[in-house]
>>> print(open('input38.pdb').read())   # PDB, C-alpha atoms and all ligand atoms
ATOM      1  CA  MET A 721     -44.305 -60.038   7.246
ATOM      2  CA  THR A 722     -44.618 -56.964   5.030
ATOM      3  CA  GLN A 723     -47.361 -54.562   5.961
ATOM      4  CA  LYS A 724     -50.321 -54.625   3.586
ATOM      5  CA  LYS A 725     -50.683 -51.413   1.577
ATOM      6  CA  THR A 726     -53.455 -49.685  -0.328
ATOM      7  CA  ILE A 727     -52.102 -48.884  -3.782
ATOM      8  CA  LEU A 728     -53.757 -47.015  -6.647
ATOM      9  CA  ILE A 729     -52.260 -47.974 -10.017
ATOM     10  CA  THR A 730     -53.392 -45.770 -12.889
ATOM     11  CA  GLY A 731     -53.448 -47.499 -16.258
ATOM     12  CA  SER A 732     -53.741 -50.959 -14.729
ATOM     13  CA  THR A 733     -55.774 -52.355 -17.638
ATOM     14  CA  ASP A 734     -52.691 -53.117 -19.715
ATOM     15  CA  GLY A 735     -48.917 -53.268 -19.926
ATOM     16  CA  ILE A 736     -46.625 -53.005 -16.940
ATOM     17  CA  GLY A 737     -49.376 -51.518 -14.732
ATOM     18  CA  TYR A 738     -51.551 -54.613 -15.157
ATOM     19  CA  GLU A 739     -48.590 -56.929 -14.617
ATOM     20  CA  ALA A 740     -47.539 -55.068 -11.451
ATOM     21  CA  ALA A 741     -51.146 -55.181 -10.201
ATOM     22  CA  LYS A 742     -51.094 -58.983 -10.495
ATOM     23  CA  THR A 743     -48.001 -59.276  -8.315
ATOM     24  CA  LEU A 744     -49.204 -56.800  -5.687
ATOM     25  CA  ILE A 745     -52.653 -58.413  -5.440
ATOM     26  CA  GLU A 746     -51.084 -61.866  -5.086
ATOM     27  CA  ALA A 747     -48.912 -60.483  -2.286
ATOM     28  CA  GLY A 748     -52.077 -59.463  -0.420
ATOM     29  CA  HIS A 749     -52.040 -55.683  -1.000
ATOM     30  CA  THR A 750     -55.243 -53.754  -1.688
ATOM     31  CA  VAL A 751     -54.813 -52.635  -5.275
ATOM     32  CA  LEU A 752     -57.210 -50.019  -6.629
ATOM     33  CA  LEU A 753     -57.399 -50.628 -10.354
ATOM     34  CA  HIS A 754     -58.012 -47.912 -12.911
ATOM     35  CA  GLY A 755     -58.886 -47.746 -16.593
ATOM     36  CA  ARG A 756     -60.558 -45.505 -19.125
ATOM     37  CA  ASN A 757     -62.622 -48.197 -20.859
ATOM     38  CA  PRO A 758     -65.377 -49.710 -18.639
ATOM     39  CA  GLU A 759     -65.540 -53.057 -20.511
ATOM     40  CA  LYS A 760     -61.767 -53.507 -20.505
ATOM     41  CA  LEU A 761     -61.547 -52.598 -16.807
ATOM     42  CA  ALA A 762     -64.353 -55.042 -15.927
ATOM     43  CA  ALA A 763     -62.629 -57.833 -17.890
ATOM     44  CA  LYS A 764     -59.308 -57.188 -16.131
ATOM     45  CA  ILE A 765     -60.958 -57.129 -12.695
ATOM     46  CA  GLU A 766     -62.589 -60.465 -13.509
ATOM     47  CA  ALA A 767     -59.221 -61.907 -14.544
ATOM     48  CA  LEU A 768     -57.473 -60.598 -11.401
ATOM     49  CA  GLN A 769     -60.213 -61.427  -8.892
ATOM     50  CA  PRO A 770     -59.098 -65.077  -8.328
ATOM     51  CA  LEU A 771     -55.662 -63.809  -7.190
ATOM     52  CA  SER A 772     -57.033 -61.713  -4.334
ATOM     53  CA  SER A 773     -57.811 -64.425  -1.726
ATOM     54  CA  GLY A 774     -61.445 -63.423  -1.455
ATOM     55  CA  ALA A 775     -61.095 -59.644  -1.050
ATOM     56  CA  LYS A 776     -63.313 -57.927  -3.621
ATOM     57  CA  LEU A 777     -61.283 -55.910  -6.131
ATOM     58  CA  SER A 778     -62.417 -52.406  -6.993
ATOM     59  CA  GLY A 779     -61.798 -50.348 -10.087
ATOM     60  CA  TYR A 780     -62.198 -46.719 -11.083
ATOM     61  CA  ILE A 781     -63.056 -45.423 -14.536
ATOM     62  CA  CYS A 782     -61.456 -42.166 -15.628
ATOM     63  CA  ASP A 783     -60.218 -40.742 -18.893
ATOM     64  CA  LEU A 784     -57.095 -38.959 -17.712
ATOM     65  CA  SER A 785     -57.227 -36.511 -20.616
ATOM     66  CA  SER A 786     -60.225 -34.875 -18.885
ATOM     67  CA  MET A 787     -59.310 -32.890 -15.761
ATOM     68  CA  ALA A 788     -62.965 -32.970 -14.689
ATOM     69  CA  GLU A 789     -62.772 -36.787 -14.672
ATOM     70  CA  VAL A 790     -59.434 -36.662 -12.845
ATOM     71  CA  GLU A 791     -61.025 -34.514 -10.115
ATOM     72  CA  GLN A 792     -63.840 -37.064  -9.892
ATOM     73  CA  LEU A 793     -61.361 -39.955  -9.659
ATOM     74  CA  ALA A 794     -59.485 -38.283  -6.805
ATOM     75  CA  ALA A 795     -62.750 -37.495  -4.999
ATOM     76  CA  SER A 796     -64.003 -41.091  -5.378
ATOM     77  CA  VAL A 797     -60.751 -42.615  -4.104
ATOM     78  CA  ALA A 798     -60.697 -40.234  -1.130
ATOM     79  CA  ALA A 799     -64.371 -40.979  -0.386
ATOM     80  CA  ASP A 800     -63.732 -44.742  -0.414
ATOM     81  CA  HIS A 801     -60.386 -44.787   1.458
ATOM     82  CA  ASP A 802     -59.085 -42.932   4.518
ATOM     83  CA  THR A 803     -55.531 -43.810   3.555
ATOM     84  CA  LEU A 804     -53.750 -44.328   0.261
ATOM     85  CA  ASP A 805     -50.253 -45.700   0.867
ATOM     86  CA  VAL A 806     -49.055 -45.565  -2.723
ATOM     87  CA  LEU A 807     -50.133 -43.590  -5.775
ATOM     88  CA  LEU A 808     -48.549 -45.228  -8.796
ATOM     89  CA  ASN A 809     -48.966 -42.731 -11.635
ATOM     90  CA  ASN A 810     -48.358 -45.329 -14.332
ATOM     91  CA  ALA A 811     -50.868 -44.545 -17.108
ATOM     92  CA  GLY A 812     -49.278 -43.035 -20.183
ATOM     93  CA  ILE A 813     -49.878 -42.466 -23.846
ATOM     94  CA  LEU A 814     -47.603 -42.175 -26.864
ATOM     95  CA  LYS A 815     -49.633 -42.855 -29.989
ATOM     96  CA  THR A 816     -53.338 -42.082 -30.423
ATOM     97  CA  SER A 817     -55.676 -41.296 -33.319
ATOM     98  CA  ASN A 818     -56.955 -38.132 -31.592
ATOM     99  CA  PRO A 819     -53.923 -36.434 -30.046
ATOM    100  CA  ILE A 820     -55.424 -32.944 -29.710
ATOM    101  CA  THR A 821     -58.474 -32.172 -27.530
ATOM    102  CA  ALA A 822     -61.266 -29.740 -28.400
ATOM    103  CA  GLN A 823     -59.503 -27.185 -26.159
ATOM    104  CA  GLY A 824     -56.329 -27.604 -28.238
ATOM    105  CA  HIS A 825     -54.280 -29.567 -25.702
ATOM    106  CA  ASP A 826     -52.033 -32.507 -26.568
ATOM    107  CA  VAL A 827     -53.159 -35.670 -24.739
ATOM    108  CA  ARG A 828     -49.520 -36.578 -24.061
ATOM    109  CA  PHE A 829     -49.209 -33.537 -21.773
ATOM    110  CA  LEU A 830     -52.690 -34.126 -20.299
ATOM    111  CA  VAL A 831     -52.297 -37.842 -19.513
ATOM    112  CA  ASN A 832     -48.543 -38.058 -18.890
ATOM    113  CA  THR A 833     -47.972 -34.761 -17.034
ATOM    114  CA  PHE A 834     -51.055 -32.827 -15.877
ATOM    115  CA  ALA A 835     -53.388 -35.657 -14.756
ATOM    116  CA  PRO A 836     -50.812 -37.349 -12.497
ATOM    117  CA  TYR A 837     -49.928 -33.948 -11.005
ATOM    118  CA  ARG A 838     -53.587 -33.183 -10.262
ATOM    119  CA  LEU A 839     -54.060 -36.671  -8.776
ATOM    120  CA  ALA A 840     -50.975 -36.328  -6.593
ATOM    121  CA  THR A 841     -51.965 -32.940  -5.210
ATOM    122  CA  ARG A 842     -55.605 -33.916  -4.638
ATOM    123  CA  LEU A 843     -54.734 -37.258  -2.968
ATOM    124  CA  LEU A 844     -51.839 -35.932  -0.865
ATOM    125  CA  PRO A 845     -54.099 -35.364   2.192
ATOM    126  CA  ILE A 846     -54.802 -39.132   2.445
ATOM    127  CA  ILE A 847     -51.224 -40.273   1.687
ATOM    128  CA  PRO A 848     -49.410 -40.893   4.987
ATOM    129  CA  LYS A 849     -45.909 -39.613   5.751
ATOM    130  CA  SER A 850     -44.605 -43.091   5.008
ATOM    131  CA  GLY A 851     -46.489 -43.169   1.689
ATOM    132  CA  ARG A 852     -45.165 -42.969  -1.851
ATOM    133  CA  ILE A 853     -45.991 -41.175  -5.078
ATOM    134  CA  ILE A 854     -44.333 -42.966  -7.994
ATOM    135  CA  ASN A 855     -44.356 -41.192 -11.346
ATOM    136  CA  LEU A 856     -43.614 -42.921 -14.636
ATOM    137  CA  SER A 857     -40.922 -41.128 -16.573
ATOM    138  CA  SER A 858     -38.874 -42.414 -19.523
ATOM    139  CA  ALA A 859     -35.411 -42.305 -21.031
ATOM    140  CA  ALA A 860     -37.087 -40.094 -23.654
ATOM    141  CA  GLN A 861     -36.955 -36.604 -22.120
ATOM    142  CA  ASN A 862     -36.759 -33.478 -24.279
ATOM    143  CA  PRO A 863     -36.691 -29.772 -23.369
ATOM    144  CA  ILE A 864     -40.187 -28.344 -22.964
ATOM    145  CA  ASP A 865     -41.648 -26.033 -25.587
ATOM    146  CA  PHE A 866     -43.797 -23.738 -23.443
ATOM    147  CA  ASP A 867     -46.223 -22.958 -26.295
ATOM    148  CA  ALA A 868     -46.811 -26.690 -26.816
ATOM    149  CA  LEU A 869     -47.274 -27.249 -23.058
ATOM    150  CA  ALA A 870     -49.951 -24.548 -23.096
ATOM    151  CA  GLY A 871     -51.721 -26.011 -26.135
ATOM    152  CA  ARG A 872     -50.736 -23.217 -28.530
ATOM    153  CA  LYS A 873     -48.524 -25.367 -30.767
ATOM    154  CA  GLN A 874     -48.600 -28.954 -32.058
ATOM    155  CA  LEU A 875     -45.672 -31.343 -31.827
ATOM    156  CA  SER A 876     -44.929 -34.748 -33.363
ATOM    157  CA  GLU A 877     -46.078 -37.675 -31.198
ATOM    158  CA  MET A 878     -42.582 -38.633 -30.034
ATOM    159  CA  GLU A 879     -41.644 -35.025 -29.310
ATOM    160  CA  ALA A 880     -44.831 -34.450 -27.307
ATOM    161  CA  TYR A 881     -44.224 -37.710 -25.409
ATOM    162  CA  ALA A 882     -40.593 -36.895 -24.584
ATOM    163  CA  GLN A 883     -41.483 -33.370 -23.443
ATOM    164  CA  SER A 884     -44.354 -34.683 -21.288
ATOM    165  CA  LYS A 885     -41.925 -37.107 -19.639
ATOM    166  CA  LEU A 886     -39.390 -34.394 -18.822
ATOM    167  CA  ALA A 887     -42.289 -32.380 -17.389
ATOM    168  CA  ILE A 888     -43.386 -35.196 -15.047
ATOM    169  CA  THR A 889     -39.772 -35.721 -13.996
ATOM    170  CA  ILE A 890     -39.508 -32.016 -13.200
ATOM    171  CA  TRP A 891     -42.725 -31.800 -11.188
ATOM    172  CA  SER A 892     -41.751 -34.966  -9.279
ATOM    173  CA  ARG A 893     -38.624 -33.233  -8.056
ATOM    174  CA  ALA A 894     -40.463 -29.994  -7.306
ATOM    175  CA  LEU A 895     -43.189 -31.767  -5.326
ATOM    176  CA  ALA A 896     -40.613 -33.809  -3.407
ATOM    177  CA  ASP A 897     -38.814 -30.575  -2.464
ATOM    178  CA  GLU A 898     -42.072 -28.928  -1.434
ATOM    179  CA  ILE A 899     -43.128 -31.884   0.741
ATOM    180  CA  GLY A 900     -39.678 -32.257   2.298
ATOM    181  CA  LYS A 901     -38.066 -35.308   3.871
ATOM    182  CA  ASP A 902     -40.787 -35.606   6.507
ATOM    183  CA  GLY A 903     -43.644 -36.424   4.135
ATOM    184  CA  PRO A 904     -44.513 -38.961   1.453
ATOM    185  CA  LEU A 905     -41.734 -39.883  -0.929
ATOM    186  CA  VAL A 906     -41.975 -38.691  -4.546
ATOM    187  CA  VAL A 907     -39.822 -40.456  -7.116
ATOM    188  CA  SER A 908     -39.814 -40.597 -10.916
ATOM    189  CA  VAL A 909     -39.016 -43.899 -12.614
ATOM    190  CA  ASN A 910     -37.923 -44.877 -16.103
ATOM    191  CA  PRO A 911     -39.169 -48.496 -16.089
ATOM    192  CA  ALA A 912     -36.641 -49.415 -18.871
ATOM    193  CA  SER A 913     -36.751 -48.643 -22.562
ATOM    194  CA  LEU A 914     -38.684 -50.611 -25.175
ATOM    195  CA  ILE A 915     -40.562 -53.000 -22.893
ATOM    196  CA  GLY A 916     -42.905 -55.168 -24.983
ATOM    197  CA  THR A 917     -46.241 -53.515 -24.117
ATOM    198  CA  LYS A 918     -49.058 -52.199 -26.310
ATOM    199  CA  MET A 919     -47.381 -48.780 -26.303
ATOM    200  CA  VAL A 920     -44.133 -50.124 -27.715
ATOM    201  CA  LYS A 921     -45.678 -52.656 -30.112
ATOM    202  CA  GLU A 922     -47.999 -50.012 -31.608
ATOM    203  CA  GLY A 923     -45.520 -47.163 -31.385
ATOM    204  CA  PHE A 924     -42.419 -48.839 -32.731
ATOM    205  CA  GLY A 925     -43.634 -52.068 -34.363
ATOM    206  CA  ILE A 926     -41.266 -54.248 -32.327
ATOM    207  CA  ALA A 927     -41.796 -57.088 -29.837
ATOM    208  CA  GLY A 928     -39.827 -55.352 -27.082
ATOM    209  CA  LYS A 929     -38.363 -56.601 -23.797
ATOM    210  CA  ASP A 930     -40.032 -58.883 -21.254
ATOM    211  CA  ILE A 931     -42.875 -56.983 -19.555
ATOM    212  CA  ARG A 932     -41.671 -58.234 -16.143
ATOM    213  CA  VAL A 933     -38.645 -55.919 -16.408
ATOM    214  CA  GLY A 934     -41.006 -52.956 -16.070
ATOM    215  CA  ALA A 935     -43.530 -54.622 -13.751
ATOM    216  CA  ASP A 936     -40.855 -55.667 -11.256
ATOM    217  CA  ILE A 937     -39.489 -52.154 -10.900
ATOM    218  CA  LEU A 938     -43.022 -50.801 -10.408
ATOM    219  CA  VAL A 939     -43.518 -53.288  -7.570
ATOM    220  CA  GLU A 940     -40.146 -52.408  -6.026
ATOM    221  CA  SER A 941     -40.823 -48.668  -6.315
ATOM    222  CA  ALA A 942     -44.221 -49.112  -4.647
ATOM    223  CA  ILE A 943     -43.227 -51.308  -1.694
ATOM    224  CA  GLY A 944     -39.509 -52.092  -1.876
ATOM    225  CA  LYS A 945     -36.868 -51.079   0.667
ATOM    226  CA  SER A 946     -34.448 -49.849  -2.012
ATOM    227  CA  PHE A 947     -36.641 -46.773  -2.627
ATOM    228  CA  GLU A 948     -36.736 -45.716   1.044
ATOM    229  CA  GLY A 949     -35.218 -42.273   1.627
ATOM    230  CA  ARG A 950     -34.825 -41.537  -2.104
ATOM    231  CA  SER A 951     -37.490 -38.809  -2.413
ATOM    232  CA  GLY A 952     -36.790 -36.341  -5.220
ATOM    233  CA  GLU A 953     -34.615 -38.800  -7.111
ATOM    234  CA  TYR A 954     -34.941 -40.453 -10.515
ATOM    235  CA  PHE A 955     -34.653 -44.228 -10.905
ATOM    236  CA  ASP A 956     -33.310 -45.288 -14.282
ATOM    237  CA  ASN A 957     -34.108 -48.952 -14.876
ATOM    238  CA  ASP A 958     -32.009 -48.989 -18.060
ATOM    239  CA  ALA A 959     -29.066 -48.634 -15.665
ATOM    240  CA  GLY A 960     -30.808 -50.505 -12.817
ATOM    241  CA  ALA A 961     -29.994 -47.651 -10.424
ATOM    242  CA  PHE A 962     -30.886 -44.166  -9.234
ATOM    243  CA  GLY A 963     -29.127 -41.701 -11.461
ATOM    244  CA  ARG A 964     -28.908 -38.451 -13.338
ATOM    245  CA  THR A 965     -31.819 -37.228 -15.369
ATOM    246  CA  HIS A 966     -32.122 -34.489 -18.002
ATOM    247  CA  PRO A 967     -30.122 -31.407 -16.899
ATOM    248  CA  HIS A 968     -33.322 -29.323 -16.955
ATOM    249  CA  ALA A 969     -34.725 -31.507 -14.142
ATOM    250  CA  GLU A 970     -31.672 -30.643 -12.037
ATOM    251  CA  ASN A 971     -31.686 -26.896 -12.713
ATOM    252  CA  PRO A 972     -33.598 -24.919 -10.032
ATOM    253  CA  ALA A 973     -34.375 -21.979 -12.354
ATOM    254  CA  MET A 974     -35.757 -24.302 -15.057
ATOM    255  CA  ILE A 975     -37.743 -26.307 -12.475
ATOM    256  CA  ALA A 976     -39.329 -23.063 -11.208
ATOM    257  CA  LYS A 977     -40.119 -21.943 -14.768
ATOM    258  CA  VAL A 978     -41.738 -25.274 -15.695
ATOM    259  CA  MET A 979     -43.734 -25.404 -12.455
ATOM    260  CA  ALA A 980     -45.077 -21.882 -13.046
ATOM    261  CA  ALA A 981     -46.065 -22.895 -16.589
ATOM    262  CA  ILE A 982     -47.747 -26.129 -15.416
ATOM    263  CA  GLU A 983     -49.716 -24.263 -12.725
ATOM    264  CA  ALA A 984     -50.762 -21.572 -15.227
ATOM    265  CA  VAL A 985     -51.994 -24.090 -17.817
ATOM    266  CA  MET A 986     -53.792 -26.205 -15.232
ATOM    267  CA  VAL A 987     -55.930 -23.295 -14.048
ATOM    268  CA  GLY A 988     -57.691 -23.333 -17.412
ATOM    269  CA  LEU A 989     -58.040 -27.094 -17.849
ATOM    270  CA  ALA A 990     -61.482 -28.658 -17.545
TER     271      ALA A 990
HETATM  272  N1  LIG A1001     -43.124 -49.698 -22.465
HETATM  273  C1  LIG A1001     -41.982 -49.017 -22.349
HETATM  274  O1  LIG A1001     -40.931 -49.374 -22.920
HETATM  275  C2  LIG A1001     -41.930 -47.755 -21.525
HETATM  276  C3  LIG A1001     -40.718 -47.058 -21.470
HETATM  277  C4  LIG A1001     -40.640 -45.907 -20.708
HETATM  278  C5  LIG A1001     -41.752 -45.462 -20.015
HETATM  279  N2  LIG A1001     -42.927 -46.159 -20.092
HETATM  280  C6  LIG A1001     -44.104 -45.651 -19.352
HETATM  281  O2  LIG A1001     -44.662 -46.698 -18.570
HETATM  282  C7  LIG A1001     -46.062 -46.437 -18.389
HETATM  283  C8  LIG A1001     -46.859 -47.697 -18.746
HETATM  284  O3  LIG A1001     -46.693 -47.913 -20.133
HETATM  285  P1  LIG A1001     -46.952 -49.310 -20.858
HETATM  286  O4  LIG A1001     -45.769 -49.537 -21.708
HETATM  287  O5  LIG A1001     -47.385 -50.316 -19.885
HETATM  288  O6  LIG A1001     -48.154 -48.865 -21.837
HETATM  289  P2  LIG A1001     -49.540 -49.544 -22.228
HETATM  290  O7  LIG A1001     -49.435 -51.016 -22.282
HETATM  291  O8  LIG A1001     -49.995 -48.800 -23.442
HETATM  292  O9  LIG A1001     -50.480 -49.193 -20.975
HETATM  293  C9  LIG A1001     -50.806 -47.849 -20.717
HETATM  294  C10 LIG A1001     -51.939 -47.777 -19.723
HETATM  295  O10 LIG A1001     -52.351 -46.387 -19.621
HETATM  296  C11 LIG A1001     -53.741 -46.293 -19.896
HETATM  297  N3  LIG A1001     -54.113 -45.021 -20.527
HETATM  298  C12 LIG A1001     -53.654 -44.490 -21.672
HETATM  299  N4  LIG A1001     -54.304 -43.351 -21.951
HETATM  300  C13 LIG A1001     -55.207 -43.140 -20.956
HETATM  301  C14 LIG A1001     -56.200 -42.162 -20.687
HETATM  302  N5  LIG A1001     -56.437 -41.138 -21.519
HETATM  303  N6  LIG A1001     -56.942 -42.286 -19.577
HETATM  304  C15 LIG A1001     -56.756 -43.342 -18.745
HETATM  305  N7  LIG A1001     -55.858 -44.321 -18.944
HETATM  306  C16 LIG A1001     -55.090 -44.219 -20.043
HETATM  307  C17 LIG A1001     -54.013 -47.465 -20.842
HETATM  308  O11 LIG A1001     -55.408 -47.740 -20.908
HETATM  309  P3  LIG A1001     -55.981 -48.745 -22.065
HETATM  310  O12 LIG A1001     -55.781 -50.123 -21.515
HETATM  311  O13 LIG A1001     -57.420 -48.335 -22.161
HETATM  312  O14 LIG A1001     -55.204 -48.488 -23.307
HETATM  313  C18 LIG A1001     -53.181 -48.558 -20.180
HETATM  314  O15 LIG A1001     -53.856 -49.079 -19.059
HETATM  315  C19 LIG A1001     -46.394 -45.219 -19.245
HETATM  316  O16 LIG A1001     -46.409 -44.058 -18.460
HETATM  317  C20 LIG A1001     -45.241 -45.183 -20.224
HETATM  318  O17 LIG A1001     -45.030 -43.886 -20.760
HETATM  319  C21 LIG A1001     -43.046 -47.311 -20.831
END
>>> encode(input="input38.pdb", output="structure tokens")
Amino acid sequence: MTQKKTILITGSTDGIGYEAAKTLIEAGHTVLLHGRNPEKLAAKIEALQPLSSGAKLSGYICDLSSMAEVEQLAASVAADHDTLDVLLNNAGILKTSNPITAQGHDVRFLVNTFAPYRLATRLLPIIPKSGRIINLSSAAQNPIDFDALAGRKQLSEMEAYAQSKLAITIWSRALADEIGKDGPLVVSVNPASLIGTKMVKEGFGIAGKDIRVGADILVESAIGKSFEGRSGEYFDNDAGAFGRTHPHAENPAMIAKVMAAIEAVMVGLA
């Protein structure tokens, strides 16, 4: 029998995160749900509750574009749980009516890059050596404009998204290197392109692929054997295999430059 895990899935109110939550709850794991909208989160918990064989489901509210709320989320999870086996940094944003915060930052960088990084570093003390940090990347990865990363320049939505996804891929590798082979695994995952979720329907106006394609790889990345020993790597579900990512995520000098920029920006984020 597989060991039961405690798994935090960010962005589990919709899309592949919600679908993966269903499967993991049905399999008996303790899934900590997360959303930004209290009513939507409550409705999803109510829908998922019958799958959990009596164990009461819990959810956390946090707008990941606010680093103060991200700090609070990490503190609440750590207060409620001694151990977090898996952090599934799934939440992501492409299109939104308010892409730039009052501080001038693009929410794509905040939600897709900075918030998962802050969550990973804050929750690391309760993630066991056998634990996993899974970070949602994408086939869309573009070179990072350091002025845009710092909130000094605006980009188009797709450009900001693709840069934020290269940035999360880069910090995944850097964190995996820093932790080393003896600690929790850190992997970035492209769940497949154009899966038929809200993001794709609203962003591209198409029906998209079966949501299970993305949900199944989230489940495998969280608890599956095929991810064992692959820390620092990138799983490309368009190819169905671990593989090469953007050259910048494989270039030590570029990784160091991006990490220094991320750390510098994050000091000033509230
Ligand atoms: N779909 C694809 O083809 C595809 C391809 C490559 C990568 N990905 C990545 O896969 C992940 C899941 O995407 P999806 O397609 O399932 O998208 P989705 O259906 O739009 O779901 C995204 C989830 O993230 C949450 N979220 C967005 N902004 C947030 C914020 N500011 N604070 C807190 N939560 C926030 C959403 O909350 P609400 O429910 O409140 O909206 C939702 O739960 C993302 O990281 C995405 O970039 C998807």
>>> axis_aligned_box(input="input38.pdb", around="range 735-753 of chain A", padding_each_side="3 Å", output="AutoDock Vina command-line options")
--center_x -52.0 --center_y -55.9 --center_z -10.2 --size_x 16.8 --size_y 17.8 --size_z 25.5
>>> closest_residue(input="input38.pdb", among="A:Ala822, A:Met878, A:Leu761, A:Val790", to="Leu777 in chain A", atoms="all atoms listed in the file")
A:Leu761
>>> resolve_selection(input="input38.pdb", expression="the PyMOL selection byres (((chain A and resi 909-915) around 8) and not hetatm)", output="PyMOL selection string")
chain A and resi 854-859+907-908+916-917+920+928-931+933-935+937-938+954-958
>>> residues_around(input="input38.pdb", residues="Gln723 in chain A", least_positions_apart="6", cutoff="10 Å", atoms="all atoms listed in the file", output="list in words")
Gly748, His749 and Ile943 of chain A
>>> write_last_selection(input="input38.pdb", atoms="C-alpha atoms", output="PDB file, in the frame of the given file")
ATOM      1  CA  GLY A 748     -52.077 -59.463  -0.420  1.00  0.00           C
ATOM      2  CA  HIS A 749     -52.040 -55.683  -1.000  1.00  0.00           C
ATOM      3  CA  ILE A 943     -43.227 -51.308  -1.694  1.00  0.00           C
TER       4      ILE A 943
END
>>> residues_around(input="input38.pdb", residues="Ile729 in chain A", least_positions_apart="6", cutoff="7 Å", atoms="all atoms listed in the file", output="ChimeraX atom specification")
/A:737,752-754,807-810
>>> closest_residue(input="input38.pdb", among="A:Val831, A:Leu804, A:Ala795, A:Leu768", to="ligand LIG 1001 (chain A)", atoms="only C-alpha atoms and all ligand atoms")
A:Val831
>>> atom_distance(input="input38.pdb", atom1="CA of Ala959 in chain A", atom2="CA of Thr733 in chain A")
27.0 Å
>>> atom_distance(input="input38.pdb", atom1="atom O16 of ligand LIG 1001 (chain A)", atom2="CA of Gln874 in chain A")
20.4 Å
>>> closest_residue(input="input38.pdb", among="A:Ala763, A:Ala927, A:Leu905, A:Ala775", to="Leu844 in chain A", atoms="only C-alpha atoms")
A:Leu905
>>> atom_distance(input="input38.pdb", atom1="CA of Val939 in chain A", atom2="CA of Gly812 in chain A")
17.2 Å
>>> resolve_selection(input="input38.pdb", expression="the PyMOL selection byres (((chain A and resi 973-988) around 9) and not hetatm)", output="PyMOL selection string")
chain A and resi 787+833-834+838+864+866+869-871+887+890-891+893-894+968-972+989-990
>>> closest_residue(input="input38.pdb", among="A:Ala942, A:Ala798, A:Ala762, A:Leu830", to="ligand LIG 1001 (chain A)", atoms="all atoms listed in the file")
A:Leu830
>>> residues_around(input="input38.pdb", residues="Asp936 in chain A", least_positions_apart="4", cutoff="10 Å", atoms="all atoms listed in the file", output="PyMOL selection string")
chain A and resi 736+739-740+743+911+931-932+940-942
>>> decode(input="input38.pdb", residues="range 950-964 of chain A", atoms="N, CA and C atoms", output="PDB file, in the first residue's frame")
ATOM      1  N   ARG A 950      14.982  12.425  -9.528  1.00  0.00           N
ATOM      2  CA  ARG A 950      15.089  13.326 -10.691  1.00  0.00           C
ATOM      3  C   ARG A 950      15.212  14.792 -10.278  1.00  0.00           C
ATOM      4  N   SER A 951      15.633  15.061  -9.039  1.00  0.00           N
ATOM      5  CA  SER A 951      15.687  16.456  -8.573  1.00  0.00           C
ATOM      6  C   SER A 951      16.543  17.313  -9.505  1.00  0.00           C
ATOM      7  N   GLY A 952      16.067  18.529  -9.750  1.00  0.00           N
ATOM      8  CA  GLY A 952      16.781  19.466 -10.623  1.00  0.00           C
ATOM      9  C   GLY A 952      16.376  19.351 -12.075  1.00  0.00           C
ATOM     10  N   GLU A 953      15.590  18.327 -12.401  1.00  0.00           N
ATOM     11  CA  GLU A 953      15.248  18.106 -13.810  1.00  0.00           C
ATOM     12  C   GLU A 953      13.924  18.773 -14.190  1.00  0.00           C
ATOM     13  N   TYR A 954      13.643  18.720 -15.477  1.00  0.00           N
ATOM     14  CA  TYR A 954      12.446  19.336 -16.060  1.00  0.00           C
ATOM     15  C   TYR A 954      11.664  18.231 -16.770  1.00  0.00           C
ATOM     16  N   PHE A 955      10.388  18.058 -16.374  1.00  0.00           N
ATOM     17  CA  PHE A 955       9.563  17.053 -17.039  1.00  0.00           C
ATOM     18  C   PHE A 955       8.696  17.747 -18.077  1.00  0.00           C
ATOM     19  N   ASP A 956       8.806  17.282 -19.310  1.00  0.00           N
ATOM     20  CA  ASP A 956       8.069  17.888 -20.416  1.00  0.00           C
ATOM     21  C   ASP A 956       6.959  16.929 -20.853  1.00  0.00           C
ATOM     22  N   ASN A 957       5.732  17.233 -20.425  1.00  0.00           N
ATOM     23  CA  ASN A 957       4.637  16.294 -20.718  1.00  0.00           C
ATOM     24  C   ASN A 957       4.155  16.387 -22.164  1.00  0.00           C
ATOM     25  N   ASP A 958       4.661  17.354 -22.938  1.00  0.00           N
ATOM     26  CA  ASP A 958       4.383  17.316 -24.384  1.00  0.00           C
ATOM     27  C   ASP A 958       5.149  16.140 -25.004  1.00  0.00           C
ATOM     28  N   ALA A 959       6.318  15.854 -24.436  1.00  0.00           N
ATOM     29  CA  ALA A 959       7.116  14.712 -24.901  1.00  0.00           C
ATOM     30  C   ALA A 959       6.848  13.469 -24.056  1.00  0.00           C
ATOM     31  N   GLY A 960       6.216  13.663 -22.884  1.00  0.00           N
ATOM     32  CA  GLY A 960       5.964  12.526 -21.979  1.00  0.00           C
ATOM     33  C   GLY A 960       7.235  12.022 -21.316  1.00  0.00           C
ATOM     34  N   ALA A 961       8.227  12.916 -21.131  1.00  0.00           N
ATOM     35  CA  ALA A 961       9.518  12.473 -20.599  1.00  0.00           C
ATOM     36  C   ALA A 961      10.274  13.644 -19.976  1.00  0.00           C
ATOM     37  N   PHE A 962      11.270  13.316 -19.139  1.00  0.00           N
ATOM     38  CA  PHE A 962      12.198  14.343 -18.683  1.00  0.00           C
ATOM     39  C   PHE A 962      13.016  14.781 -19.888  1.00  0.00           C
ATOM     40  N   GLY A 963      13.330  16.086 -19.941  1.00  0.00           N
ATOM     41  CA  GLY A 963      14.062  16.509 -21.124  1.00  0.00           C
ATOM     42  C   GLY A 963      14.730  17.851 -20.953  1.00  0.00           C
ATOM     43  N   ARG A 964      15.180  18.373 -22.084  1.00  0.00           N
ATOM     44  CA  ARG A 964      15.885  19.651 -22.097  1.00  0.00           C
ATOM     45  C   ARG A 964      14.892  20.780 -21.910  1.00  0.00           C
TER      46      ARG A 964
END
